[in-house]
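Colleague: File start_3.cif below, mmCIF, C-alpha atoms:
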data_run
loop_
_atom_site.label_atom_id
_atom_site.label_comp_id
_atom_site.auth_asym_id
_atom_site.auth_seq_id
_atom_site.Cartn_x
_atom_site.Cartn_y
_atom_site.Cartn_z
CA MET A 1 303.53 143.42 181.05
CA ALA A 2 305.10 144.56 177.81
CA GLU A 3 304.74 142.40 174.74
CA ALA A 4 307.69 140.06 174.25
CA ILE A 5 307.74 140.74 170.51
CA LEU A 6 306.99 144.13 168.96
CA PHE A 7 305.81 144.40 165.35
CA GLU A 8 306.13 147.81 163.72
CA VAL A 9 305.64 148.85 160.10
CA GLU A 10 307.62 151.53 158.29
CA ASP A 11 306.30 151.88 154.73
CA ASP A 12 306.77 148.38 153.27
CA ILE A 13 309.22 147.21 155.93
CA ALA A 14 308.36 145.21 159.05
CA ILE A 15 310.50 145.81 162.15
CA ILE A 16 310.31 142.88 164.56
CA THR A 17 311.84 143.51 167.99
CA ILE A 18 312.59 141.04 170.78
CA ASN A 19 311.37 143.05 173.75
CA ARG A 20 312.88 141.65 176.98
CA PRO A 21 315.77 144.09 177.55
CA ASP A 22 315.77 143.38 181.30
CA ARG A 23 316.61 139.73 180.48
CA ARG A 24 318.98 140.56 177.62
CA ASN A 25 316.16 139.62 175.23
CA ALA A 26 316.50 135.95 176.19
CA ILE A 27 314.14 133.46 174.57
CA ASN A 28 311.18 132.26 176.63
CA ASP A 29 307.75 130.94 175.66
CA ALA A 30 306.40 134.43 175.07
CA VAL A 31 309.26 135.27 172.71
CA SER A 32 308.81 132.03 170.77
CA GLU A 33 305.06 132.44 170.45
CA GLY A 34 305.29 136.13 169.60
CA MET A 35 307.97 135.58 167.00
CA ARG A 36 306.00 132.76 165.37
CA ALA A 37 303.01 135.09 165.05
CA ALA A 38 305.21 137.91 163.74
CA TRP A 39 306.71 135.79 160.95
CA ALA A 40 303.24 134.59 159.93
CA ARG A 41 301.97 138.17 159.81
CA PHE A 42 304.95 139.30 157.73
CA GLU A 43 304.69 136.42 155.25
CA GLN A 44 300.93 136.85 154.84
CA SER A 45 301.06 140.64 154.30
CA PRO A 46 301.70 141.29 150.59
CA GLU A 47 302.34 144.98 151.21
CA LEU A 48 305.36 144.15 153.40
CA LYS A 49 308.49 143.45 151.35
CA VAL A 50 311.36 143.10 153.87
CA ALA A 51 311.63 142.43 157.61
CA ILE A 52 314.25 143.57 160.11
CA LEU A 53 314.82 141.53 163.28
CA THR A 54 316.45 143.29 166.23
CA GLY A 55 316.51 143.41 170.02
CA ALA A 56 315.26 146.08 172.41
CA GLY A 57 317.82 148.29 174.12
CA ASP A 58 321.47 148.84 173.27
CA LYS A 59 323.12 145.89 175.03
CA SER A 60 321.66 142.68 173.67
CA PHE A 61 320.20 141.38 170.42
CA CYS A 62 319.34 138.06 172.08
CA ALA A 63 321.33 136.24 174.76
CA GLY A 64 319.85 132.85 173.84
CA MET A 65 317.53 130.63 175.83
CA ASP A 66 316.28 131.93 179.16
CA LEU A 67 318.26 129.44 181.27
CA LYS A 68 316.30 130.23 184.42
CA GLU A 69 313.11 129.21 182.68
CA ALA A 70 314.79 126.16 181.13
CA ALA A 71 316.10 125.08 184.54
CA ASP A 72 312.65 125.45 186.07
CA LYS A 73 311.17 123.25 183.36
CA MET A 74 314.05 120.76 183.37
CA LEU A 75 313.91 121.03 179.59
CA GLY A 76 314.98 117.87 177.77
CA VAL A 77 315.34 117.49 174.02
CA PRO A 78 313.63 120.56 172.52
CA ALA A 79 310.88 119.97 170.00
CA ARG A 80 311.82 120.79 166.41
CA ASP A 81 309.59 123.86 166.53
CA PHE A 82 310.54 124.88 170.08
CA ILE A 83 311.98 128.07 168.58
CA PRO A 84 310.55 129.40 165.28
CA VAL A 85 313.53 129.08 162.94
CA LEU A 86 313.36 130.55 159.45
CA GLY A 87 314.18 127.95 156.84
CA ASP A 88 313.48 125.10 159.25
CA SER A 89 310.27 125.21 161.30
CA VAL A 90 309.03 128.44 159.68
CA THR A 91 308.90 129.40 156.00
CA VAL A 92 309.35 133.04 155.02
CA THR A 93 309.89 133.70 151.31
CA LYS A 94 310.73 137.39 151.65
CA PRO A 95 314.11 138.81 152.76
CA VAL A 96 314.91 139.24 156.44
CA ILE A 97 317.74 141.36 157.84
CA ALA A 98 319.19 140.86 161.32
CA ALA A 99 320.17 144.13 163.02
CA VAL A 100 322.40 142.84 165.82
CA ASN A 101 322.71 145.44 168.55
CA GLY A 102 324.73 143.65 171.26
CA PHE A 103 325.02 140.11 172.58
CA ALA A 104 324.02 137.37 170.10
CA PHE A 105 324.71 134.18 172.01
CA ALA A 106 323.40 130.63 171.43
CA GLY A 107 319.80 131.11 170.25
CA GLY A 108 320.72 134.73 169.56
CA TRP A 109 323.41 133.52 167.15
CA LEU A 110 320.76 131.25 165.64
CA PHE A 111 318.43 134.20 165.08
CA ALA A 112 321.21 136.12 163.32
CA GLN A 113 322.17 133.01 161.33
CA MET A 114 318.64 132.28 160.10
CA CYS A 115 318.20 135.76 158.63
CA ASP A 116 319.25 136.36 155.03
CA LEU A 117 321.48 139.33 155.81
CA CYS A 118 323.13 140.64 158.96
CA ILE A 119 324.22 144.11 160.01
CA ALA A 120 325.94 144.47 163.38
CA SER A 121 326.75 147.36 165.66
CA GLU A 122 330.38 147.81 166.66
CA ASN A 123 329.61 146.57 170.18
CA ALA A 124 327.94 143.35 168.98
CA THR A 125 329.37 140.07 170.28
CA PHE A 126 328.59 136.67 168.78
CA GLY A 127 328.94 133.21 170.30
CA ILE A 128 327.67 129.63 170.15
CA THR A 129 328.00 128.99 173.86
CA GLU A 130 326.10 125.71 174.28
CA ALA A 131 329.21 123.69 175.17
CA LYS A 132 329.61 125.84 178.29
CA VAL A 133 326.17 124.88 179.63
CA GLY A 134 325.84 121.32 178.34
CA ARG A 135 323.28 122.08 175.66
CA GLY A 136 323.23 121.27 171.93
CA MET A 137 323.38 123.23 168.69
CA PRO A 138 321.96 121.03 165.89
CA TRP A 139 320.71 124.20 164.25
CA ALA A 140 324.34 125.21 163.58
CA ALA A 141 324.62 122.69 160.71
CA PRO A 142 323.96 125.30 157.97
CA LEU A 143 326.96 127.30 159.18
CA GLY A 144 329.19 124.98 157.16
CA ALA A 145 327.98 126.77 154.03
CA MET A 146 328.50 130.21 155.56
CA ILE A 147 331.89 130.23 157.30
CA PRO A 148 335.16 128.22 157.08
CA GLN A 149 335.08 124.74 158.63
CA ARG A 150 337.87 125.32 161.14
CA VAL A 151 336.32 128.56 162.33
CA MET A 152 333.04 126.72 162.83
CA MET A 153 334.84 123.92 164.69
CA GLU A 154 336.53 126.40 167.04
CA LEU A 155 333.26 128.22 167.73
CA LEU A 156 331.34 125.07 168.60
CA LEU A 157 334.05 123.33 170.63
CA THR A 158 335.33 126.26 172.67
CA GLY A 159 332.18 128.34 173.09
CA ASP A 160 334.38 131.41 172.65
CA THR A 161 332.82 134.63 171.41
CA LEU A 162 333.57 136.76 168.36
CA SER A 163 333.66 140.52 167.99
CA ALA A 164 331.53 142.15 165.32
CA GLN A 165 334.66 142.84 163.30
CA ARG A 166 335.75 139.19 163.43
CA ALA A 167 332.23 138.10 162.42
CA LEU A 168 332.56 140.44 159.44
CA GLU A 169 335.97 138.98 158.52
CA ILE A 170 334.66 135.40 158.41
CA GLY A 171 331.64 136.38 156.33
CA PHE A 172 328.92 135.92 158.95
CA VAL A 173 328.11 139.64 159.01
CA ASN A 174 327.54 141.87 155.99
CA LYS A 175 328.40 145.19 157.58
CA VAL A 176 329.51 146.68 160.92
CA VAL A 177 328.37 150.19 161.87
CA PRO A 178 328.33 152.40 164.99
CA GLN A 179 325.54 151.55 167.42
CA ALA A 180 323.71 154.81 166.73
CA GLU A 181 323.59 154.06 162.99
CA LEU A 182 322.48 150.42 163.17
CA MET A 183 318.75 150.71 162.51
CA ALA A 184 319.21 153.45 159.92
CA GLU A 185 321.65 151.23 158.04
CA ALA A 186 319.30 148.24 158.25
CA ILE A 187 316.38 150.32 157.00
CA THR A 188 318.50 151.69 154.14
CA MET A 189 319.36 148.15 153.04
CA ALA A 190 315.73 147.06 153.43
CA LYS A 191 314.52 149.96 151.27
CA LYS A 192 317.00 149.07 148.52
CA ILE A 193 315.66 145.51 148.47
CA ALA A 194 312.02 146.59 148.73
CA ALA A 195 312.44 148.87 145.69
CA ASN A 196 313.42 145.91 143.50
CA ALA A 197 311.15 143.56 141.57
CA PRO A 198 309.56 141.28 144.20
CA LEU A 199 309.47 138.15 142.03
CA THR A 200 313.16 138.48 141.24
CA VAL A 201 314.01 139.09 144.89
CA LYS A 202 312.02 136.06 146.02
CA ALA A 203 313.60 133.79 143.41
CA ALA A 204 317.09 135.14 144.14
CA LYS A 205 316.70 134.33 147.84
CA GLU A 206 315.65 130.78 147.00
CA LEU A 207 318.52 130.43 144.51
CA VAL A 208 321.12 131.28 147.16
CA TYR A 209 319.88 128.55 149.50
CA LEU A 210 319.39 125.98 146.75
CA SER A 211 322.92 126.52 145.45
CA ALA A 212 324.34 126.02 148.94
CA GLU A 213 322.80 122.54 149.03
CA MET A 214 323.60 121.42 145.47
CA GLY A 215 326.55 120.87 143.22
CA ARG A 216 327.28 123.35 140.43
CA SER A 217 325.36 121.63 137.62
CA ALA A 218 322.29 120.84 139.72
CA ALA A 219 322.21 124.40 141.05
CA LEU A 220 322.36 125.82 137.51
CA ARG A 221 319.46 123.62 136.39
CA ALA A 222 317.45 124.62 139.46
CA GLY A 223 318.25 128.28 138.85
CA TYR A 224 317.02 128.26 135.25
CA HIS A 225 313.80 126.55 136.35
CA LEU A 226 313.37 128.95 139.27
CA PHE A 227 313.64 132.10 137.14
CA GLU A 228 311.53 130.89 134.20
CA SER A 229 308.33 132.30 135.71
CA VAL A 230 310.16 135.54 136.55
CA TYR A 231 311.20 136.04 132.91
CA LYS A 232 307.59 135.45 131.83
CA SER A 233 306.08 137.87 134.36
CA GLU A 234 304.52 141.28 133.75
CA ASP A 235 307.21 142.78 135.97
CA ALA A 236 309.86 141.55 133.51
CA LEU A 237 308.24 143.80 130.88
CA GLU A 238 307.69 146.67 133.30
CA GLY A 239 311.38 146.95 134.25
CA PRO A 240 312.77 147.75 130.77
CA LEU A 241 309.68 149.83 129.94
CA SER A 242 310.09 152.06 133.00
CA PHE A 243 313.79 152.44 132.21
CA ARG A 244 312.97 153.55 128.66
CA GLU A 245 310.33 155.97 129.92
CA LYS A 246 312.67 157.30 132.62
CA ARG A 247 310.30 156.64 135.53
CA PRO A 248 310.30 154.44 138.63
CA PRO A 249 308.98 150.93 137.94
CA LYS A 250 305.52 149.98 139.16
CA TRP A 251 305.99 146.40 140.34
CA GLN A 252 302.90 144.21 140.54
CA GLY A 253 304.53 140.99 141.71
CA LYS A 254 303.04 139.08 138.80
#
The structure in this file should be written as structure tokens.

Modeller:
Amino acid sequence: MAEAILFEVEDDIAIITINRPDRRNAINDAVSEGMRAAWARFEQSPELKVAILTGAGDKSFCAGMDLKEAADKMLGVPARDFIPVLGDSVTVTKPVIAAVNGFAFAGGWLFAQMCDLCIASENATFGITEAKVGRGMPWAAPLGAMIPQRVMMELLLTGDTLSAQRALEIGFVNKVVPQAELMAEAITMAKKIAANAPLTVKAAKELVYLSAEMGRSAALRAGYHLFESVYKSEDALEGPLSFREKRPPKWQGK
């Protein structure tokens, strides 16, 4: 049996793939356990700077919970860590890009939502479909800081799906590209991020989420505190020095 989650490394980039194409990459126990291990490996590997999350095949990123398995188990209220969710049950301080290559429904939407950035193929389709099967979507709460309220309301109440282009228009997706270019585009973005100063990148990621949860003044105070150690780092000296010497910077992450 193939592994439910594949973990590949390309230079300083981790590529994490949900590998159940025959089941539209639906989430089962093996996917949850494999993904939890993959995030831990990524976070604990200092040589890895950025991760890309995608799905196997060209039809589905992740179609959500495996409803056949859920029906067999008569699943009730899921445990908080039933699915490893970045920013909730799992902490990853480095950037993660979702490369959405097809259906992203329910838990698949969640996986795209929990990533820091999202690139979609032109054939990608997004939906929070829980209302159609009597399930819940408490994890959708952070969407209020990402998309307009009435769009969120329509998504949750109707269970209707969105095209990749519509997801781009509402700000849920960063970029839409042809299917054949999806992974190349995701890797290009990952390499741009990985080339930057790691302490600045880490603090910038935290700043974005802090500012979404705070008012303007509180977010400014938090931001100044967050970047104080960055300003005092060796990398903060290396950046201007490498520019003056006309060479690539040698980041140490300290």

Colleague: Which is closest to A:Trp251 among A:Ala222, A:Ala140, A:Met152, A:Val201, if we use all atoms listed in the file?

Modeller: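 The shortest atom-to-atom distance to A:Trp251 comes from A:Val201.
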
Colleague: What does the PyMOL selection byres ((chain A and resi 47) around 12) select in this file, as a PyMOL selection string?

Modeller: chain A and resi 9-14+41-46+48-51+94+194+198+251-253

Colleague: Any idea what the distance is between atom CA of A:Thr129 and atom CA of A:Leu155?

Modeller: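 Straight-line distance from atom CA of A:Thr129 to atom CA of A:Leu155 works out to 8.1 Å.
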
Colleague: So the first atom is atom CA of A:Thr91 and the second is atom CA of A:Glu130; what is the distance between them in Å, to one decimal place?

Modeller: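 About the pair atom CA of A:Thr91 and atom CA of A:Glu130: they are 25.4 Å apart.
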
Colleague: For this file, the PyMOL selection byres ((chain A and resi 232-239) around 10) selects which residues, as a compact mmCIF listing (two decimals) with C-alpha atoms, keeping the file's coordinate frame?

Modeller:
# COMPACT_ATOMS: atom_id res chain seq x y z
CA ASN A 196 313.42 145.91 143.50
CA ALA A 197 311.15 143.56 141.57
CA PRO A 198 309.56 141.28 144.20
CA LEU A 199 309.47 138.15 142.03
CA THR A 200 313.16 138.48 141.24
CA PHE A 227 313.64 132.10 137.14
CA GLU A 228 311.53 130.89 134.20
CA SER A 229 308.33 132.30 135.71
CA VAL A 230 310.16 135.54 136.55
CA TYR A 231 311.20 136.04 132.91
CA PRO A 240 312.77 147.75 130.77
CA LEU A 241 309.68 149.83 129.94
CA SER A 242 310.09 152.06 133.00
CA PHE A 243 313.79 152.44 132.21
CA ARG A 244 312.97 153.55 128.66
CA ARG A 247 310.30 156.64 135.53
CA PRO A 248 310.30 154.44 138.63
CA PRO A 249 308.98 150.93 137.94
CA LYS A 250 305.52 149.98 139.16
CA TRP A 251 305.99 146.40 140.34
CA GLN A 252 302.90 144.21 140.54
CA GLY A 253 304.53 140.99 141.71
CA LYS A 254 303.04 139.08 138.80

Colleague: Is there a way to get, as a count of residues only, all residues within 12 Å of the point (324.7, 123.1, 168.0) in file coordinates, counting only C-alpha atoms?

Modeller: 29

Colleague: Name every residue that the PyMOL selection byres ((chain A and resi 183) around 12) selects in this structure, writing the answer as an NGL selection string with chains first and numbers rising.

Modeller: :A and (10 or 15-17 or 51-58 or 97-101 or 118-121 or 176-182 or 184-190)

Colleague: Quick one: distance from atom CA of A:Ala164 to atom CA of A:Ala104 in Å, one decimal?

Modeller: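 A separation of 10.1 Å between them.
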
Colleague: Which of these residues is nearest to A:Leu67, using all atoms listed in the file: A:Arg24, A:Lys191, A:Lys202, A:Arg36?

Modeller: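 Of A:Arg24, A:Lys191, A:Lys202, A:Arg36, the one nearest A:Leu67, counting all atoms listed in the file, is A:Arg24.
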
Colleague: List the neighbours of A:Tyr209 out to 10 Å using all atoms listed in the file; skip same-chain residues closer than 2 positions along the sequence, and give me the result as a list in words.

Modeller: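 Answer for this query is Gly87, Asp116, Pro142, Ala145, Ala204, Lys205, Glu206, Leu207, Ser211, Ala212, Glu213, Met214 and Ala219 of chain A.
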
Colleague: Atoms are missing here; could stretch 208-239 of chain A be completed with N, CA and C atoms and written as a short mmCIF file (atom, residue, chain, number, x, y, z; two decimals), in the frame of the given file?

Modeller:
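out.cif, written as the output of this step:
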data_model
loop_
_atom_site.label_atom_id
_atom_site.label_comp_id
_atom_site.auth_asym_id
_atom_site.auth_seq_id
_atom_site.Cartn_x
_atom_site.Cartn_y
_atom_site.Cartn_z
N VAL A 208 319.95 131.30 146.27
CA VAL A 208 321.12 131.28 147.16
C VAL A 208 321.10 130.03 148.03
N TYR A 209 319.95 129.71 148.62
CA TYR A 209 319.88 128.55 149.50
C TYR A 209 319.93 127.23 148.73
N LEU A 210 319.31 127.19 147.57
CA LEU A 210 319.39 125.98 146.75
C LEU A 210 320.83 125.69 146.34
N SER A 211 321.56 126.73 145.93
CA SER A 211 322.92 126.52 145.45
C SER A 211 323.86 126.10 146.56
N ALA A 212 323.51 126.43 147.80
CA ALA A 212 324.34 126.02 148.94
C ALA A 212 324.18 124.54 149.23
N GLU A 213 323.10 123.95 148.74
CA GLU A 213 322.80 122.54 149.03
C GLU A 213 323.05 121.63 147.84
N MET A 214 323.44 122.21 146.69
CA MET A 214 323.60 121.42 145.47
C MET A 214 325.00 121.59 144.90
N GLY A 215 325.35 120.68 144.01
CA GLY A 215 326.55 120.87 143.22
C GLY A 215 326.32 121.90 142.13
N ARG A 216 327.36 122.27 141.43
CA ARG A 216 327.28 123.35 140.43
C ARG A 216 326.23 123.08 139.36
N SER A 217 326.27 121.92 138.74
CA SER A 217 325.36 121.63 137.62
C SER A 217 323.91 121.58 138.08
N ALA A 218 323.66 120.93 139.20
CA ALA A 218 322.29 120.84 139.72
C ALA A 218 321.77 122.22 140.09
N ALA A 219 322.63 123.06 140.67
CA ALA A 219 322.21 124.40 141.05
C ALA A 219 321.88 125.25 139.82
N LEU A 220 322.65 125.09 138.74
CA LEU A 220 322.36 125.82 137.51
C LEU A 220 321.00 125.40 136.94
N ARG A 221 320.75 124.10 136.91
CA ARG A 221 319.46 123.62 136.39
C ARG A 221 318.30 124.16 137.24
N ALA A 222 318.49 124.11 138.56
CA ALA A 222 317.45 124.62 139.46
C ALA A 222 317.24 126.12 139.25
N GLY A 223 318.34 126.84 139.04
CA GLY A 223 318.25 128.28 138.85
C GLY A 223 317.47 128.66 137.60
N TYR A 224 317.75 127.97 136.49
CA TYR A 224 317.02 128.26 135.25
C TYR A 224 315.52 127.97 135.43
N HIS A 225 315.20 126.88 136.10
CA HIS A 225 313.80 126.55 136.35
C HIS A 225 313.15 127.59 137.27
N LEU A 226 313.89 128.00 138.29
CA LEU A 226 313.37 128.95 139.27
C LEU A 226 313.01 130.29 138.64
N PHE A 227 313.83 130.76 137.71
CA PHE A 227 313.64 132.10 137.14
C PHE A 227 312.78 132.10 135.87
N GLU A 228 312.35 130.93 135.41
CA GLU A 228 311.53 130.89 134.20
C GLU A 228 310.26 131.72 134.35
N SER A 229 309.57 131.55 135.48
CA SER A 229 308.33 132.30 135.71
C SER A 229 308.61 133.79 135.90
N VAL A 230 309.80 134.13 136.40
CA VAL A 230 310.16 135.54 136.55
C VAL A 230 310.32 136.19 135.18
N TYR A 231 311.01 135.51 134.27
CA TYR A 231 311.20 136.04 132.91
C TYR A 231 309.86 136.24 132.19
N LYS A 232 308.88 135.40 132.51
CA LYS A 232 307.59 135.45 131.83
C LYS A 232 306.59 136.38 132.52
N SER A 233 306.99 137.04 133.57
CA SER A 233 306.08 137.87 134.36
C SER A 233 305.86 139.24 133.73
N GLU A 234 304.79 139.90 134.18
CA GLU A 234 304.52 141.28 133.75
C GLU A 234 305.60 142.23 134.25
N ASP A 235 306.14 141.93 135.42
CA ASP A 235 307.21 142.78 135.97
C ASP A 235 308.45 142.76 135.08
N ALA A 236 308.69 141.64 134.40
CA ALA A 236 309.86 141.55 133.51
C ALA A 236 309.72 142.49 132.31
N LEU A 237 308.48 142.81 131.94
CA LEU A 237 308.24 143.80 130.88
C LEU A 237 308.27 145.22 131.45
N GLU A 238 307.77 145.36 132.67
CA GLU A 238 307.69 146.67 133.30
C GLU A 238 309.07 147.27 133.57
N GLY A 239 310.04 146.43 133.95
CA GLY A 239 311.38 146.95 134.25
C GLY A 239 312.01 147.69 133.08
#
